[in-house]
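Structure file work32.txt (compact mmCIF, C-alpha atoms) is printed below.
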```
# COMPACT_ATOMS: atom_id res chain seq x y z
CA MET A 1 -41.86 -72.45 201.10
CA SER A 2 -41.46 -76.22 200.84
CA ARG A 3 -42.53 -78.09 197.71
CA GLY A 4 -44.77 -80.21 199.95
CA SER A 5 -48.49 -79.44 200.30
CA ILE A 6 -51.06 -80.02 203.02
CA ILE A 7 -54.81 -79.69 203.41
CA GLY A 8 -57.11 -80.25 206.36
CA PRO A 9 -58.38 -78.51 209.51
CA VAL A 10 -54.94 -77.53 210.79
CA LEU A 11 -53.14 -74.25 211.50
CA PHE A 12 -49.37 -73.76 211.61
CA LYS A 13 -48.07 -70.85 213.67
CA VAL A 14 -44.72 -69.66 212.31
CA GLY A 15 -42.87 -67.20 214.50
CA GLU A 16 -44.78 -64.39 216.16
CA ASP A 17 -47.18 -63.25 213.48
CA VAL A 18 -47.59 -65.78 210.66
CA MET A 19 -50.46 -68.28 210.77
CA ILE A 20 -50.83 -70.75 207.89
CA ASP A 21 -54.35 -72.14 207.51
CA ALA A 22 -54.69 -75.39 205.55
CA SER A 23 -58.40 -75.83 206.19
CA LEU A 24 -59.80 -73.93 203.21
CA ARG A 25 -57.40 -75.00 200.47
CA ALA A 26 -54.14 -76.84 199.98
CA VAL A 27 -51.15 -74.77 201.08
CA GLN A 28 -47.42 -75.22 200.90
CA ILE A 29 -45.65 -76.42 204.00
CA PRO A 30 -43.42 -73.81 205.69
CA HIS A 31 -39.88 -74.17 204.37
CA ASP A 32 -38.28 -74.18 207.81
CA ILE A 33 -40.58 -76.48 209.74
CA HIS A 34 -38.42 -75.98 212.84
CA LEU A 35 -39.80 -72.42 213.04
CA VAL A 36 -43.32 -73.82 213.45
CA ASP A 37 -43.78 -73.44 217.17
CA HIS A 38 -47.45 -74.36 217.37
CA ILE A 39 -49.86 -76.67 215.54
CA LYS A 40 -53.55 -76.11 216.17
CA LEU A 41 -56.50 -78.12 214.94
CA LYS A 42 -59.72 -76.37 214.03
CA LYS A 43 -61.46 -79.59 215.01
CA PRO A 44 -60.32 -83.11 215.96
CA VAL A 45 -59.21 -85.25 213.01
CA SER A 46 -59.58 -88.97 212.46
CA PHE A 47 -56.20 -89.62 210.83
CA VAL A 48 -53.37 -88.19 208.76
CA LEU A 49 -52.76 -89.47 205.23
CA VAL A 50 -49.40 -89.03 203.51
CA VAL A 51 -49.42 -89.57 199.74
CA GLU A 52 -46.39 -89.92 197.53
CA LYS A 53 -47.75 -88.23 194.43
CA LEU A 54 -49.16 -84.76 193.88
CA SER A 55 -51.60 -86.22 191.33
CA ILE A 56 -53.09 -88.57 193.95
CA PHE A 57 -53.16 -85.71 196.45
CA ASN A 58 -55.08 -83.56 193.95
CA MET A 59 -57.48 -86.42 193.24
CA LEU A 60 -58.31 -86.72 196.93
CA VAL A 61 -58.66 -82.95 197.30
CA ASN A 62 -61.04 -82.82 194.33
CA LEU A 63 -63.09 -85.57 195.98
CA ASN A 64 -63.16 -83.56 199.24
CA PHE A 65 -61.73 -86.61 200.98
CA HIS A 66 -60.26 -84.43 203.73
CA VAL A 67 -63.76 -83.12 204.48
CA THR A 68 -65.81 -86.30 204.17
CA HIS A 69 -63.28 -88.32 206.17
CA ASN A 70 -62.22 -85.54 208.56
CA CYS A 71 -58.50 -85.89 208.01
CA ILE A 72 -55.28 -84.13 207.07
CA ILE A 73 -53.67 -85.01 203.73
CA ILE A 74 -50.04 -84.21 203.03
CA THR A 75 -47.72 -84.84 200.09
CA GLY A 76 -44.04 -84.33 199.47
CA CYS A 77 -44.62 -84.43 195.69
CA GLY A 78 -42.35 -87.44 195.36
CA LYS A 79 -39.21 -87.63 197.45
CA PRO A 80 -40.00 -85.45 200.48
CA ASP A 81 -37.86 -82.52 201.51
CA MET A 82 -36.90 -81.91 205.13
CA ALA A 83 -39.84 -79.57 205.68
CA THR A 84 -42.40 -82.16 204.58
CA ARG A 85 -40.77 -84.89 206.64
CA GLY A 86 -40.68 -82.54 209.60
CA ALA A 87 -44.36 -81.68 209.17
CA VAL A 88 -45.34 -85.35 209.10
CA PHE A 89 -43.23 -85.93 212.21
CA LYS A 90 -44.81 -83.01 214.07
CA LEU A 91 -48.30 -84.19 213.19
CA SER A 92 -47.56 -87.79 214.20
CA TYR A 93 -45.95 -86.59 217.44
CA CYS A 94 -48.61 -84.05 218.40
CA LEU A 95 -51.82 -85.78 217.32
CA PRO A 96 -53.27 -88.93 218.92
CA VAL A 97 -54.26 -90.43 215.56
CA LYS A 98 -52.82 -92.91 213.09
CA VAL A 99 -50.64 -91.68 210.25
CA TYR A 100 -50.88 -93.62 206.98
CA ILE A 101 -48.98 -93.50 203.71
CA LEU A 102 -50.06 -94.30 200.15
CA ALA A 103 -47.24 -94.79 197.65
CA ASP A 104 -46.25 -96.72 194.55
CA LEU A 105 -45.03 -100.25 195.05
CA ASP A 106 -41.66 -99.67 193.44
CA LEU A 107 -38.15 -98.80 194.53
CA ASP A 108 -38.90 -95.06 194.71
CA GLY A 109 -42.15 -95.54 196.63
CA LEU A 110 -40.56 -97.87 199.18
CA GLN A 111 -37.56 -95.60 199.64
CA ILE A 112 -39.93 -92.67 200.21
CA TYR A 113 -41.85 -94.67 202.81
CA PHE A 114 -38.72 -95.56 204.73
CA THR A 115 -37.40 -92.00 204.44
CA TYR A 116 -40.53 -90.74 206.18
CA LYS A 117 -40.41 -93.56 208.71
CA LEU A 118 -36.71 -93.92 209.50
CA GLY A 119 -35.03 -90.83 208.07
CA SER A 120 -32.14 -90.70 205.62
CA LYS A 121 -28.48 -91.60 205.81
CA VAL A 122 -27.48 -88.32 204.19
CA ARG A 123 -28.82 -86.23 207.08
CA ALA A 124 -28.81 -88.85 209.81
CA PHE A 125 -28.08 -86.22 212.47
CA GLU A 126 -31.60 -84.82 211.95
CA ASN A 127 -33.50 -88.11 211.83
CA LEU A 128 -34.59 -87.85 215.45
CA CYS A 129 -36.63 -84.76 214.56
CA VAL A 130 -38.16 -85.96 211.30
CA ALA A 131 -38.61 -89.76 211.48
CA SER A 132 -42.24 -90.87 211.90
CA ARG A 133 -41.66 -94.39 213.17
CA ASP A 134 -45.34 -95.30 213.56
CA LEU A 135 -46.13 -94.59 209.91
CA ILE A 136 -48.50 -97.23 208.48
CA TRP A 137 -48.23 -98.46 204.88
CA LEU A 138 -51.67 -98.69 203.22
CA GLY A 139 -50.58 -99.48 199.69
CA ALA A 140 -49.92 -100.18 197.01
CA ARG A 141 -49.40 -103.77 198.12
CA PRO A 142 -48.20 -106.86 196.25
CA GLU A 143 -51.67 -108.41 196.27
CA ASP A 144 -52.99 -105.38 194.36
CA SER A 145 -51.25 -106.88 191.33
CA LEU A 146 -54.23 -109.25 191.13
CA LEU A 147 -56.24 -106.27 189.89
CA LEU A 148 -54.12 -106.13 186.74
CA GLN A 149 -54.02 -108.59 183.86
CA GLU A 150 -50.29 -108.19 183.24
CA PRO A 151 -48.49 -106.55 186.16
CA ASN A 152 -44.88 -105.51 185.66
CA GLU A 153 -42.06 -107.34 187.37
CA PHE A 154 -39.03 -105.80 189.05
CA THR A 155 -35.86 -105.82 186.99
CA ARG A 156 -32.78 -107.55 188.36
CA VAL A 157 -31.24 -104.18 189.17
CA GLN A 158 -34.37 -103.17 191.08
CA GLN A 159 -34.40 -106.51 192.90
CA LYS A 160 -30.79 -105.95 193.94
CA SER A 161 -31.60 -102.43 195.18
CA LEU A 162 -34.61 -103.72 197.13
CA THR A 163 -32.48 -106.48 198.65
CA ASP A 164 -29.88 -103.93 199.71
CA LEU A 165 -32.63 -101.74 201.16
CA ARG A 166 -34.08 -104.70 203.06
CA ASP A 167 -30.72 -105.66 204.50
CA SER A 168 -30.16 -102.11 205.74
CA LEU A 169 -33.39 -101.98 207.75
CA PRO A 170 -33.14 -102.33 211.54
CA ASN A 171 -36.69 -103.58 212.10
CA ILE A 172 -37.66 -107.21 211.47
CA SER A 173 -41.23 -106.35 210.44
CA ASP A 174 -39.93 -103.91 207.82
CA ARG A 175 -37.55 -106.52 206.47
CA ASP A 176 -40.42 -109.00 206.32
CA ARG A 177 -42.46 -106.46 204.34
CA LEU A 178 -39.72 -106.20 201.74
CA ASN A 179 -39.33 -109.97 201.66
CA THR A 180 -43.00 -110.17 200.71
CA VAL A 181 -42.49 -107.57 197.98
CA LEU A 182 -39.52 -109.52 196.64
CA ASP A 183 -41.44 -112.81 196.75
CA TRP A 184 -44.34 -111.41 194.71
CA ASN A 185 -41.89 -109.55 192.44
CA PHE A 186 -44.47 -107.10 191.05
CA THR A 187 -44.08 -103.35 190.76
CA LEU A 188 -47.24 -101.24 190.87
CA ASN A 189 -48.02 -97.65 190.02
CA LEU A 190 -50.92 -96.22 192.01
CA HIS A 191 -52.49 -94.87 188.83
CA ASP A 192 -52.73 -98.41 187.46
CA ILE A 193 -55.06 -99.47 190.26
CA LEU A 194 -56.69 -96.28 191.58
CA ASP A 195 -58.95 -93.67 190.03
CA TYR A 196 -61.77 -91.33 191.01
CA GLU A 197 -64.20 -94.25 191.12
CA ASN A 198 -62.40 -96.55 193.53
CA ILE A 199 -59.80 -94.64 195.55
CA VAL A 200 -62.14 -93.79 198.45
CA GLU A 201 -63.29 -97.40 198.82
CA TYR A 202 -59.70 -98.62 198.55
CA LEU A 203 -58.50 -96.32 201.33
CA THR A 204 -61.51 -96.97 203.54
CA ASN A 205 -61.07 -100.73 203.32
CA ARG A 206 -57.35 -100.54 203.99
CA MET A 207 -57.70 -98.25 207.00
CA ALA A 208 -60.40 -100.52 208.43
CA GLU A 209 -57.69 -103.16 208.87
CA PHE A 210 -55.98 -100.93 211.43
CA GLU A 211 -59.00 -99.80 213.42
CA ASP A 212 -58.76 -100.35 217.14
CA PRO A 213 -60.99 -103.18 218.40
```
What would the structure in this file look like if it were written as structure tokens?
Amino acid sequence: MSRGSIIGPVLFKVGEDVMIDASLRAVQIPHDIHLVDHIKLKKPVSFVLVVEKLSIFNMLVNLNFHVTHNCIIITGCGKPDMATRGAVFKLSYCLPVKVYILADLDLDGLQIYFTYKLGSKVRAFENLCVASRDLIWLGARPEDSLLLQEPNEFTRVQQKSLTDLRDSLPNISDRDRLNTVLDWNFTLNLHDILDYENIVEYLTNRMAEFEDP
């Protein structure tokens, strides 16, 4: 199985006989996502939420966020493997809902976001089958640094890496996003701004920005 996990009202059919049900508890994503020949929803969902960290995933599961907000939550437990990226792609391709991501505002978090969205250079030949190009970044965002008294700044090495990442991006809006990150120059860990008390409100407010008129 993959190291990625998923929870929500969704079934994965693998081969002829295996059905993986993520509706009752979090389950691991099938290791070879290409063998998943059918995705079935137990009921319509409102959105899909990708989270960078297993700890944030567990927090949302403990809060029953997937139930109260009728959604699918998925995590790659950090840098996603091919199976997790493929699962996010299949969900974004098959379901008529928005797919969001919640990740740290640091070099790793941004690289993870763009890996989900654009694929990777290492396995570029597979990007067409795993890149979720409509993925929406919810946070953390530079303005979240206002929630902290003394936010951390990027080091010069990190700034250089972010600049290189920005210059490699094909999309102007993505480059503009990284320009904003570089202008603010603050790095944020999700655990510095989110906890059991405020994470639901944070996500609800951010997703409201992308609701259709």
Spatial neighbours of Val200 (chain A), max dist 10 Å, all atoms listed in the file, sep filter under 3 positions, as an MDAnalysis selection string: chainID A and resid 60 63 65 69 194:197 203:206
Generate the output file for the selected residues, C-alpha atoms, as an mmCIF file, in the frame of the given file.
```
data_model
loop_
_atom_site.group_PDB
_atom_site.id
_atom_site.type_symbol
_atom_site.label_atom_id
_atom_site.label_comp_id
_atom_site.auth_asym_id
_atom_site.auth_seq_id
_atom_site.Cartn_x
_atom_site.Cartn_y
_atom_site.Cartn_z
ATOM 1 C CA LEU A 60 -58.310 -86.720 196.930
ATOM 2 C CA LEU A 63 -63.090 -85.570 195.980
ATOM 3 C CA PHE A 65 -61.730 -86.610 200.980
ATOM 4 C CA HIS A 69 -63.280 -88.320 206.170
ATOM 5 C CA LEU A 194 -56.690 -96.280 191.580
ATOM 6 C CA ASP A 195 -58.950 -93.670 190.030
ATOM 7 C CA TYR A 196 -61.770 -91.330 191.010
ATOM 8 C CA GLU A 197 -64.200 -94.250 191.120
ATOM 9 C CA LEU A 203 -58.500 -96.320 201.330
ATOM 10 C CA THR A 204 -61.510 -96.970 203.540
ATOM 11 C CA ASN A 205 -61.070 -100.730 203.320
ATOM 12 C CA ARG A 206 -57.350 -100.540 203.990
#
```
Just want the 8 Å neighbourhood of Asn189 (chain A), counted on all atoms listed in the file, with same-chain residues fewer than 4 positions away dropped. Output as a list in words. Asp104, Leu105, Asp106, Ala140 and Ile193 of chain A
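Computed from the coordinates, the CA of Cys71 (chain A) to CA of Ile112 (chain A) distance equals 21.3 Å.
Going from CA of Thr187 (chain A) over to CA of Gln111 (chain A), you cover 13.5 Å.
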For Asp212 (chain A), which of A:Phe12, A:Ser92, A:Val97, A:Asn62 is the closest residue, counting all atoms listed in the file? A:Val97
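With only C-alpha atoms as the basis for measurement, A:Gly86 is the residue among A:Gly86, A:Pro96, A:Gly109, A:Pro170 that approaches Ser132 (chain A) most closely.
For the pair CA of Asn171 (chain A) and CA of Trp137 (chain A), the interatomic distance is 14.5 Å.
Candidate residues A:Arg133, A:Arg175, A:Lys43, A:Arg156 were compared for distance to Lys90 (chain A), and the nearest is A:Arg133, using only C-alpha atoms.
Candidate residues A:Ala87, A:Ala208, A:Ile56, A:Ile6 were compared for distance to Asp192 (chain A), and the nearest is A:Ile56, using only C-alpha atoms.
Residue nearest Glu150 (chain A) within the list A:Gly4, A:Cys94, A:Ile73, A:Phe186: A:Phe186 [criterion: smallest interatomic distance, only C-alpha atoms].
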Can you sort out the box for region 25-30 of chain A, edges along x, y and z, all listed atoms in, 3 Å on every side, with centre and edge lengths in Å to one decimal, as AutoDock Vina command-line options?
```
--center_x -50.4 --center_y -75.3 --center_z 202.8 --size_x 20.0 --size_y 9.0 --size_z 11.7
```
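Closest approach to Phe154 (chain A) from the set A:Val88, A:Leu107, A:Leu190, A:Met19 is made by A:Leu107, with distances taken over only C-alpha atoms.
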Contacts of Leu49 (chain A) within 6 Å, all atoms listed in the file, excl. fewer than 6 positions in-chain, as a list of chain:residue names: A:Ile73, A:Val99, A:Tyr100, A:Ile101
Find the residues around Asn179 (chain A) up to 12 Å (only C-alpha atoms counted), leave out those fewer than 6 positions away in its own chain, and share them as a PyMOL selection string. chain A and resi 142+159+162-167+169+172-173+185
